[in-house]
file query_39.tsv (TSV, C-alpha atoms (C1' of nucleotides))
chain	number	residue	atom	x	y	z
A	8	MET	CA	-0.14	24.00	44.18
A	9	ASN	CA	2.89	23.39	42.03
A	10	GLU	CA	3.14	26.68	40.18
A	11	ASN	CA	6.88	26.39	40.49
A	12	LYS	CA	7.06	23.22	38.41
A	13	PRO	CA	7.16	24.37	34.79
A	14	ILE	CA	5.20	22.53	32.14
A	15	THR	CA	7.96	21.46	29.80
A	16	ILE	CA	7.34	19.65	26.55
A	17	GLY	CA	7.68	16.27	28.25
A	18	VAL	CA	5.17	17.18	30.95
A	19	LEU	CA	2.71	18.42	28.34
A	20	ALA	CA	3.20	15.31	26.23
A	21	LYS	CA	2.55	13.03	29.19
A	22	ALA	CA	-0.47	15.06	30.34
A	23	ALA	CA	-2.02	14.90	26.90
A	24	ASN	CA	-0.94	11.32	26.33
A	25	VAL	CA	1.04	11.95	23.17
A	26	GLY	CA	4.73	11.86	22.25
A	27	VAL	CA	7.10	14.78	22.65
A	28	GLU	CA	7.72	14.70	18.92
A	29	THR	CA	4.01	15.04	18.31
A	30	ILE	CA	3.96	18.32	20.23
A	31	ARG	CA	6.85	19.62	18.17
A	32	PHE	CA	5.08	18.43	15.04
A	33	TYR	CA	1.92	20.32	16.04
A	34	GLN	CA	3.99	23.43	16.54
A	35	ARG	CA	5.59	23.11	13.13
A	36	LYS	CA	2.09	22.79	11.72
A	37	ALA	CA	0.98	25.81	13.76
A	38	ILE	CA	-1.79	23.81	15.41
A	39	ILE	CA	-0.62	25.00	18.78
A	40	GLU	CA	1.19	28.26	19.36
A	41	GLN	CA	4.89	28.61	19.96
A	42	PRO	CA	5.15	28.91	23.74
A	43	LEU	CA	7.41	31.22	25.69
A	44	LYS	CA	10.92	29.92	26.18
A	45	THR	CA	13.35	30.31	29.04
A	46	ASN	CA	16.91	29.29	28.31
A	47	GLY	CA	15.68	27.76	25.10
A	48	TYR	CA	13.21	25.49	26.89
A	49	ARG	CA	9.53	25.67	25.98
A	50	HIS	CA	7.16	26.50	28.82
A	51	TYR	CA	3.52	25.65	28.43
A	52	SER	CA	0.30	26.62	30.19
A	53	ASN	CA	-2.60	24.51	31.42
A	54	GLU	CA	-4.50	25.90	28.47
A	55	ASP	CA	-2.02	24.14	26.20
A	56	ILE	CA	-2.74	20.81	27.88
A	57	ARG	CA	-6.45	21.32	27.29
A	58	THR	CA	-5.78	22.26	23.69
A	59	VAL	CA	-3.69	19.20	22.89
A	60	ARG	CA	-6.29	16.96	24.52
A	61	LEU	CA	-8.95	18.63	22.42
A	62	VAL	CA	-6.89	18.09	19.28
A	63	LYS	CA	-6.60	14.36	19.99
A	64	LYS	CA	-10.28	14.10	20.79
A	65	LEU	CA	-11.31	15.87	17.61
A	66	GLN	CA	-8.91	13.75	15.61
A	67	GLY	CA	-10.45	10.61	17.06
A	68	VAL	CA	-13.81	11.79	15.85
A	69	GLY	CA	-12.54	12.22	12.31
A	70	PHE	CA	-11.30	15.78	12.03
A	71	SER	CA	-8.11	16.33	10.07
A	72	LEU	CA	-5.38	18.48	11.58
A	73	ASP	CA	-6.19	21.21	9.07
A	74	GLU	CA	-9.80	21.28	10.18
A	75	ILE	CA	-8.80	21.32	13.83
A	76	LYS	CA	-6.42	24.16	13.16
A	77	GLU	CA	-9.23	26.10	11.57
A	78	LEU	CA	-11.54	25.46	14.53
A	79	LEU	CA	-8.87	26.60	16.94
A	80	ILE	CA	-8.27	29.73	14.92
A	81	PHE	CA	-12.01	30.53	15.15
A	82	ASP	CA	-11.64	30.20	18.83
A	83	HIS	CA	-9.09	32.92	19.04
A	84	CYS	CA	-10.66	35.38	16.72
A	85	CYS	CA	-12.31	38.46	17.87
A	86	SER	CA	-15.96	39.33	17.72
A	87	GLU	CA	-16.15	40.80	14.24
A	88	SER	CA	-15.58	37.37	12.72
A	89	ARG	CA	-18.37	35.69	14.69
A	90	SER	CA	-20.64	35.25	11.68
A	91	VAL	CA	-17.87	33.43	9.81
A	92	VAL	CA	-17.20	31.25	12.84
A	93	LYS	CA	-20.87	30.49	13.18
A	94	GLN	CA	-21.25	29.58	9.52
A	95	LYS	CA	-18.25	27.25	9.61
A	96	SER	CA	-19.58	25.54	12.72
A	97	LEU	CA	-22.99	25.02	11.13
A	98	THR	CA	-21.41	23.55	8.01
A	99	LYS	CA	-19.35	21.20	10.12
A	100	ILE	CA	-22.43	20.18	12.10
A	101	GLU	CA	-24.21	19.22	8.88
A	102	GLU	CA	-21.21	17.20	7.71
A	103	ILE	CA	-21.05	15.30	10.96
A	104	LYS	CA	-24.78	14.61	10.90
A	105	THR	CA	-24.43	13.10	7.44
A	106	GLN	CA	-21.57	10.98	8.67
A	107	ILE	CA	-23.67	9.80	11.62
A	108	SER	CA	-26.45	8.70	9.25
A	109	GLU	CA	-24.00	6.74	7.16
A	110	LEU	CA	-22.54	5.10	10.22
A	111	GLN	CA	-26.04	4.17	11.40
A	112	ALA	CA	-26.77	2.62	8.02
A	113	THR	CA	-23.50	0.71	8.33
A	114	VAL	CA	-24.50	-0.62	11.74
A	115	GLU	CA	-27.87	-1.73	10.35
A	116	ALA	CA	-26.22	-3.50	7.44
A	117	LEU	CA	-23.76	-5.23	9.74
A	118	GLU	CA	-26.57	-6.26	12.09
A	119	VAL	CA	-28.54	-7.78	9.24
A	120	PHE	CA	-25.37	-9.48	8.08
A	121	SER	CA	-24.54	-10.97	11.45
A	122	ASN	CA	-28.15	-12.06	12.06
A	123	THR	CA	-28.47	-13.84	8.76
A	124	CYS	CA	-25.17	-14.62	7.13
A	125	GLY	CA	-23.51	-14.90	10.50
A	126	SER	CA	-26.10	-17.31	11.82
A	127	SER	CA	-25.44	-20.95	11.17
A	128	GLU	CA	-29.18	-21.78	11.19
A	129	ILE	CA	-30.45	-19.12	8.83
A	130	ALA	CA	-27.49	-18.53	6.57
A	131	GLU	CA	-27.42	-19.56	2.98
A	132	THR	CA	-24.19	-19.64	1.09
A	133	ASN	CA	-25.35	-16.96	-1.30
A	134	CYS	CA	-25.94	-14.42	1.46
A	135	HIS	CA	-23.17	-11.83	1.27
A	136	LEU	CA	-22.12	-8.65	2.99
A	137	LEU	CA	-22.13	-7.01	-0.40
A	138	ASP	CA	-25.87	-7.64	-0.60
A	139	CYS	CA	-26.41	-6.24	2.88
A	140	PHE	CA	-24.92	-2.93	1.88
A	141	GLU	CA	-26.64	-2.56	-1.42
A	142	ASN	CA	-30.09	-1.20	-2.15
A	143	HIS	CA	-29.25	1.96	-0.24
A	144	TRP	CA	-27.63	0.01	2.55
A	145	GLN	CA	-30.94	-1.39	3.65
A	146	CYS	CA	-31.27	-5.12	3.44
A	147	CYS	CA	-29.81	-8.53	3.00
A	148	SER	CA	-33.18	-10.33	2.93
A	149	THR	CA	-33.19	-13.19	0.45
A	150	GLY	CA	-29.50	-13.23	-0.13
A	151	ASN	CA	-29.87	-12.37	-3.78
A	152	ALA	CA	-29.29	-8.72	-4.38
A	153	PRO	CA	-30.94	-7.07	-7.34
A	154	ASN	CA	-28.68	-6.26	-10.23
A	155	LEU	CA	-27.62	-2.67	-9.74
A	156	THR	CA	-25.18	-2.29	-12.57
A	157	GLY	CA	-27.78	-1.77	-15.25
A	158	GLU	CA	-26.81	-4.90	-17.11
B	47	MET	CA	-27.57	-6.34	-23.23
B	48	ASN	CA	-23.88	-5.76	-23.74
B	49	GLU	CA	-22.39	-9.01	-22.50
B	50	ASN	CA	-19.91	-8.71	-25.34
B	51	LYS	CA	-18.35	-5.51	-24.00
B	52	PRO	CA	-15.71	-6.61	-21.53
B	53	ILE	CA	-15.27	-4.77	-18.25
B	54	THR	CA	-11.67	-3.66	-18.54
B	55	ILE	CA	-9.87	-1.82	-15.80
B	56	GLY	CA	-10.85	1.54	-17.24
B	57	VAL	CA	-14.52	0.57	-17.39
B	58	LEU	CA	-14.43	-0.67	-13.81
B	59	ALA	CA	-12.65	2.46	-12.65
B	60	LYS	CA	-15.23	4.69	-14.31
B	61	ALA	CA	-18.16	2.62	-13.00
B	62	ALA	CA	-16.84	2.80	-9.45
B	63	ASN	CA	-15.72	6.40	-9.80
B	64	VAL	CA	-12.08	5.81	-8.96
B	65	GLY	CA	-8.82	5.97	-10.92
B	66	VAL	CA	-7.38	3.06	-12.86
B	67	GLU	CA	-4.30	3.21	-10.64
B	68	THR	CA	-6.51	2.81	-7.61
B	69	ILE	CA	-7.85	-0.49	-8.95
B	70	ARG	CA	-4.30	-1.72	-9.52
B	71	PHE	CA	-3.40	-0.55	-6.05
B	72	TYR	CA	-6.33	-2.48	-4.54
B	73	GLN	CA	-5.15	-5.57	-6.34
B	74	ARG	CA	-1.63	-5.20	-5.06
B	75	LYS	CA	-3.13	-4.92	-1.58
B	76	ALA	CA	-5.32	-7.96	-2.27
B	77	ILE	CA	-8.47	-6.00	-1.49
B	78	ILE	CA	-9.97	-7.21	-4.71
B	79	GLU	CA	-9.06	-10.46	-6.39
B	80	GLN	CA	-6.84	-10.77	-9.42
B	81	PRO	CA	-9.30	-11.10	-12.28
B	82	LEU	CA	-9.04	-13.40	-15.26
B	83	LYS	CA	-6.96	-12.05	-18.08
B	84	THR	CA	-7.25	-12.43	-21.83
B	85	ASN	CA	-4.19	-11.41	-23.81
B	86	GLY	CA	-2.81	-9.87	-20.67
B	87	TYR	CA	-5.84	-7.61	-20.18
B	88	ARG	CA	-7.81	-7.83	-16.95
B	89	HIS	CA	-11.49	-8.70	-17.30
B	90	TYR	CA	-13.80	-7.89	-14.44
B	91	SER	CA	-17.31	-8.90	-13.45
B	92	ASN	CA	-20.26	-6.82	-12.26
B	93	GLU	CA	-19.53	-8.23	-8.84
B	94	ASP	CA	-16.19	-6.42	-8.97
B	95	ILE	CA	-17.94	-3.12	-9.66
B	96	ARG	CA	-20.17	-3.68	-6.62
B	97	THR	CA	-17.14	-4.58	-4.54
B	98	VAL	CA	-15.13	-1.49	-5.43
B	99	ARG	CA	-18.16	0.70	-4.76
B	100	LEU	CA	-18.57	-0.97	-1.40
B	101	VAL	CA	-14.91	-0.38	-0.63
B	102	LYS	CA	-15.24	3.33	-1.33
B	103	LYS	CA	-18.44	3.56	0.70
B	104	LEU	CA	-16.91	1.80	3.68
B	105	GLN	CA	-13.83	3.97	3.41
B	106	GLY	CA	-15.98	7.07	3.47
B	107	VAL	CA	-17.50	5.85	6.71
B	108	GLY	CA	-14.10	5.48	8.31
B	109	PHE	CA	-12.97	1.95	7.62
B	110	SER	CA	-9.31	1.43	6.77
B	111	LEU	CA	-8.42	-0.69	3.77
B	112	ASP	CA	-7.19	-3.41	6.12
B	113	GLU	CA	-10.53	-3.52	7.89
B	114	ILE	CA	-12.38	-3.59	4.59
B	115	LYS	CA	-10.17	-6.40	3.37
B	116	GLU	CA	-11.02	-8.36	6.49
B	117	LEU	CA	-14.75	-7.77	6.01
B	118	LEU	CA	-14.53	-8.90	2.41
B	119	ILE	CA	-12.63	-12.00	3.44
B	120	PHE	CA	-15.44	-12.85	5.90
B	121	ASP	CA	-17.77	-12.54	3.03
B	122	HIS	CA	-16.06	-15.24	1.07
B	123	CYS	CA	-15.51	-17.71	3.79
B	124	CYS	CA	-17.47	-20.83	4.12
B	125	SER	CA	-19.93	-21.77	6.82
B	126	GLU	CA	-17.57	-23.25	9.38
B	127	SER	CA	-16.17	-19.80	10.10
B	128	ARG	CA	-19.54	-18.17	10.68
B	129	SER	CA	-19.05	-17.74	14.40
B	130	VAL	CA	-15.81	-15.86	13.77
B	131	VAL	CA	-17.50	-13.70	11.17
B	132	LYS	CA	-20.37	-13.00	13.52
B	133	GLN	CA	-18.06	-12.06	16.38
B	134	LYS	CA	-16.03	-9.70	14.21
B	135	SER	CA	-19.19	-8.03	12.96
B	136	LEU	CA	-20.50	-7.55	16.47
B	137	THR	CA	-17.21	-6.03	17.59
B	138	LYS	CA	-17.27	-3.67	14.64
B	139	ILE	CA	-20.87	-2.71	15.42
B	140	GLU	CA	-19.87	-1.74	18.96
B	141	GLU	CA	-16.95	0.32	17.69
B	142	ILE	CA	-19.16	2.20	15.27
B	143	LYS	CA	-21.78	2.83	17.95
B	144	THR	CA	-19.10	4.37	20.17
B	145	GLN	CA	-17.98	6.54	17.29
B	146	ILE	CA	-21.56	7.66	16.68
B	147	SER	CA	-21.89	8.74	20.33
B	148	GLU	CA	-18.71	10.74	20.10
B	149	LEU	CA	-19.85	12.39	16.91
B	150	GLN	CA	-23.16	13.25	18.54
B	151	ALA	CA	-21.32	14.83	21.46
B	152	THR	CA	-19.27	16.79	18.96
B	153	VAL	CA	-22.39	18.07	17.25
B	154	GLU	CA	-23.80	19.13	20.62
B	155	ALA	CA	-20.62	20.95	21.53
B	156	LEU	CA	-20.52	22.71	18.17
B	157	GLU	CA	-24.18	23.67	18.50
B	158	VAL	CA	-23.60	25.18	21.92
B	159	PHE	CA	-20.56	26.94	20.55
B	160	SER	CA	-22.36	28.42	17.56
B	161	ASN	CA	-25.36	29.45	19.66
B	162	THR	CA	-23.29	31.24	22.26
B	163	CYS	CA	-19.79	32.07	21.11
B	164	GLY	CA	-20.98	32.35	17.53
B	165	SER	CA	-23.80	34.71	18.42
B	166	SER	CA	-22.93	38.38	18.49
B	167	GLU	CA	-25.62	39.16	21.09
B	168	ILE	CA	-24.84	36.51	23.65
B	169	ALA	CA	-21.14	35.96	23.20
B	170	GLU	CA	-18.60	37.02	25.71
B	171	THR	CA	-14.98	37.17	24.78
B	172	ASN	CA	-14.08	34.47	27.25
B	173	CYS	CA	-16.41	31.90	25.68
B	174	HIS	CA	-14.25	29.37	23.85
B	175	LEU	CA	-14.65	26.20	21.86
B	176	LEU	CA	-12.26	24.58	24.29
B	177	ASP	CA	-14.79	25.15	27.05
B	178	CYS	CA	-17.59	23.74	24.92
B	179	PHE	CA	-15.79	20.45	24.57
B	180	GLU	CA	-14.66	20.06	28.12
B	181	ASN	CA	-16.58	18.63	31.06
B	182	HIS	CA	-17.26	15.49	29.05
B	183	TRP	CA	-18.11	17.45	25.98
B	184	GLN	CA	-21.28	18.78	27.52
B	185	CYS	CA	-21.43	22.50	27.94
B	186	CYS	CA	-20.15	25.94	27.26
B	187	SER	CA	-22.53	27.63	29.70
B	188	THR	CA	-20.94	30.56	31.47
B	189	GLY	CA	-17.88	30.71	29.30
B	190	ASN	CA	-15.58	29.83	32.14
B	191	ALA	CA	-14.67	26.19	32.12
B	192	PRO	CA	-13.68	24.54	35.39
B	193	ASN	CA	-10.03	23.78	35.81
B	194	LEU	CA	-9.59	20.21	34.70
B	195	THR	CA	-5.87	19.87	35.06
B	196	GLY	CA	-5.89	19.29	38.79
B	197	GLU	CA	-3.93	22.41	39.53
C	112	DC	C1'	30.80	19.79	39.83
C	113	DT	C1'	29.71	15.49	37.87
C	114	DT	C1'	26.18	12.53	36.06
C	115	DG	C1'	21.95	11.31	34.09
C	116	DA	C1'	17.55	12.82	32.60
C	117	DC	C1'	15.55	16.07	29.78
C	118	DT	C1'	15.38	19.39	25.92
C	119	DC	C1'	17.07	21.81	21.79
C	120	DT	C1'	17.35	21.97	16.32
C	121	DG	C1'	17.35	19.90	11.99
C	122	DT	C1'	16.76	16.22	9.06
C	123	DA	C1'	15.52	11.54	7.82
C	124	DC	C1'	12.38	7.97	7.90
C	125	DC	C1'	7.77	5.50	8.39
C	126	DT	C1'	2.73	3.88	7.18
C	127	DA	C1'	-1.58	4.60	4.72
C	128	DG	C1'	-3.66	5.45	0.62
C	129	DG	C1'	-3.07	6.61	-3.38
C	130	DT	C1'	-1.09	9.07	-8.12
C	131	DA	C1'	2.14	9.53	-11.97
C	132	DC	C1'	5.32	7.91	-15.42
C	133	DG	C1'	8.04	5.34	-18.88
C	134	DG	C1'	8.30	2.12	-22.36
C	135	DA	C1'	6.05	-1.61	-24.25
C	136	DG	C1'	2.01	-4.38	-26.03
C	137	DT	C1'	-3.16	-4.66	-27.56
C	138	DG	C1'	-7.65	-3.55	-29.83
C	139	DT	C1'	-10.35	-1.18	-32.89
C	140	DA	C1'	-12.23	2.43	-36.09
C	141	DG	C1'	-11.48	4.25	-40.45
D	52	DC	C1'	-3.00	-1.65	-41.90
D	53	DT	C1'	-2.25	2.63	-39.63
D	54	DA	C1'	-3.49	5.69	-35.61
D	55	DC	C1'	-4.81	6.33	-31.36
D	56	DA	C1'	-6.87	4.99	-27.20
D	57	DC	C1'	-6.33	1.74	-23.84
D	58	DT	C1'	-3.68	-1.52	-21.01
D	59	DC	C1'	0.44	-3.83	-19.22
D	60	DC	C1'	4.27	-3.79	-15.42
D	61	DG	C1'	7.44	-1.81	-12.35
D	62	DT	C1'	8.97	1.92	-9.93
D	63	DA	C1'	8.92	6.57	-8.21
D	64	DC	C1'	6.57	10.09	-6.09
D	65	DC	C1'	2.90	12.51	-3.19
D	66	DT	C1'	0.19	14.06	1.26
D	67	DA	C1'	-1.11	13.29	6.05
D	68	DG	C1'	0.33	12.43	10.41
D	69	DG	C1'	3.58	11.28	12.80
D	70	DT	C1'	8.36	8.92	14.75
D	71	DA	C1'	13.34	8.56	15.20
D	72	DC	C1'	17.83	9.96	15.20
D	73	DA	C1'	22.28	12.91	16.05
D	74	DG	C1'	24.88	16.07	18.31
D	75	DA	C1'	24.59	19.77	21.40
D	76	DG	C1'	22.90	22.38	25.49
D	77	DT	C1'	20.37	22.57	30.27
D	78	DC	C1'	18.74	21.25	34.84
D	79	DA	C1'	18.87	19.22	39.27
D	80	DA	C1'	20.19	15.65	42.65
D	81	DG	C1'	23.99	13.88	45.14

call {"tool": "encode", "arguments": {"input": "query_39.tsv", "output": "structure tokens"}}
result
Amino acid sequence: MNENKPITIGVLAKAANVGVETIRFYQRKAIIEQPLKTNGYRHYSNEDIRTVRLVKKLQGVGFSLDEIKELLIFDHCCSESRSVVKQKSLTKIEEIKTQISELQATVEALEVFSNTCGSSEIAETNCHLLDCFENHWQCCSTGNAPNLTGE
Amino acid sequence: MNENKPITIGVLAKAANVGVETIRFYQRKAIIEQPLKTNGYRHYSNEDIRTVRLVKKLQGVGFSLDEIKELLIFDHCCSESRSVVKQKSLTKIEEIKTQISELQATVEALEVFSNTCGSSEIAETNCHLLDCFENHWQCCSTGNAPNLTGE
DNA sequence: CTTGACTCTGTACCTAGGTACGGAGTGTAG
DNA sequence: CTACACTCCGTACCTAGGTACAGAGTCAAG
């Protein structure tokens, strides 16, 4: 084991696949805690590596840094705040589920688009992406979308 | 019908539920086309309302303005570029599907978290969100995550 | 005990996606 | 034909999430 090799900011950055400046930025934003310092140098733990990786993962899935910060704070709170933690998690779960539905509708619209408008055999010039997404993101069908503007 | 009432920038903005400045911004970015002008005033079509709504919808689902611009350009291109359009759509579909999987994994992790760590009966103090997301985002189980840093 | 890689702090700068403002012209109801 | 809402253009400013210095100190191999 290499317990003797300290995890400096550069080591952490490389392990989490981010820039050194990003780590410092996260610290300024209080997303990760200020680590212990020896001779002015930051020394991190393996926990910190896991945390930064988690931050990047959550970010990739659409969480903002503020949301991530909040999640991480939950994680450190003691048992009396469990009901708050639970409620926040459940709210977030609902939000993500909604987002998943919208993404699924987007995939469907794009599939219709590429199977009709994108197909040289089937396509008509009046078949547009716009139509594919309208009518509650459901169809592209004839290529003529109904008038939705109430004209 | 009110064909005689022109769709000015303010009308468009209200219809699409965005600010007037946002419309101007989209035009600067060439996300929507420069409309015809009479006496210096922009006059939009119902198509423009649909387009701006689509832009906001796509944005909400995680598309950047550059991606949206590209999609809208597909939409206006003529038949000889159909294969390109189709390929781009298919690529985008794959990207979105990946994102959906990740979001589903996130939901699972959050559900495990709220059912264990968030539950006052079951929770142990060493049960953390970090653990819930690790091991390929699959479990929180005992509350002690395996060491993933290769130490 | 020097040299080069690494780290420190603070501040400035960058892109994306808007938002606000100033000073001028337009359009329309009374 | 005046008032007021609306629009014009250009430019400046804002937040989020970084990224890049500069000038100084530290660490470790040779």

call {"tool": "residues_around", "arguments": {"input": "query_39.tsv", "residues": "segment 121-134 of chain C", "least_positions_apart": "3", "cutoff": "9 Å", "atoms": "only C-alpha atoms (C1' of nucleotides)", "output": "list in words"}}
result
Gly65, Glu67, Thr68, Phe71, Ser110 and Leu111 of chain B; DT62, DA63, DC64, DC65, DA67, DG69, DT70, DA71 and DC72 of chain D

call {"tool": "closest_atom_pairs", "arguments": {"input": "query_39.tsv", "of": "chain C", "to": "chain A", "cutoff": "10 Å", "atoms": "all atoms listed in the file", "output": "JSON lines"}}
result
{"residue": "C:DC117", "atom": "C1'", "partner": "A:Gly17", "partner_atom": "CA", "distance": 8.0}
{"residue": "C:DT118", "atom": "C1'", "partner": "A:Tyr48", "partner_atom": "CA", "distance": 6.5}
{"residue": "C:DC119", "atom": "C1'", "partner": "A:Gly47", "partner_atom": "CA", "distance": 6.9}

call {"tool": "atom_distance", "arguments": {"input": "query_39.tsv", "atom1": "atom CA of Ile100 of chain A", "atom2": "atom CA of Thr58 of chain A"}}
result
20.4 Å

call {"tool": "atom_distance", "arguments": {"input": "query_39.tsv", "atom1": "atom CA of Tyr72 of chain B", "atom2": "atom CA of Lys132 of chain B"}}
result
25.2 Å

call {"tool": "atom_distance", "arguments": {"input": "query_39.tsv", "atom1": "atom CA of Gly67 of chain A", "atom2": "atom CA of Glu54 of chain A"}}
result
20.0 Å

call {"tool": "residues_around", "arguments": {"input": "query_39.tsv", "residues": "DA79 of chain D", "least_positions_apart": "4", "cutoff": "12 Å", "atoms": "all atoms listed in the file", "output": "ChimeraX atom specification"}}
result
/C:112-117

call {"tool": "closest_atom_pairs", "arguments": {"input": "query_39.tsv", "of": "chain D", "to": "chain B", "cutoff": "12 Å", "atoms": "only C-alpha atoms (C1' of nucleotides)", "output": "JSON lines"}}
result
{"residue": "D:DA56", "atom": "C1'", "partner": "B:Gly56", "partner_atom": "CA", "distance": 11.3}
{"residue": "D:DC57", "atom": "C1'", "partner": "B:Gly56", "partner_atom": "CA", "distance": 8.0}
{"residue": "D:DT58", "atom": "C1'", "partner": "B:Tyr87", "partner_atom": "CA", "distance": 6.5}
{"residue": "D:DC59", "atom": "C1'", "partner": "B:Gly86", "partner_atom": "CA", "distance": 7.0}
{"residue": "D:DC60", "atom": "C1'", "partner": "B:Arg70", "partner_atom": "CA", "distance": 10.6}

call {"tool": "closest_residue", "arguments": {"input": "query_39.tsv", "among": "B:Arg96, B:Lys102, B:Lys115, B:Lys60", "to": "chain A", "atoms": "all atoms listed in the file"}}
result
B:Arg96
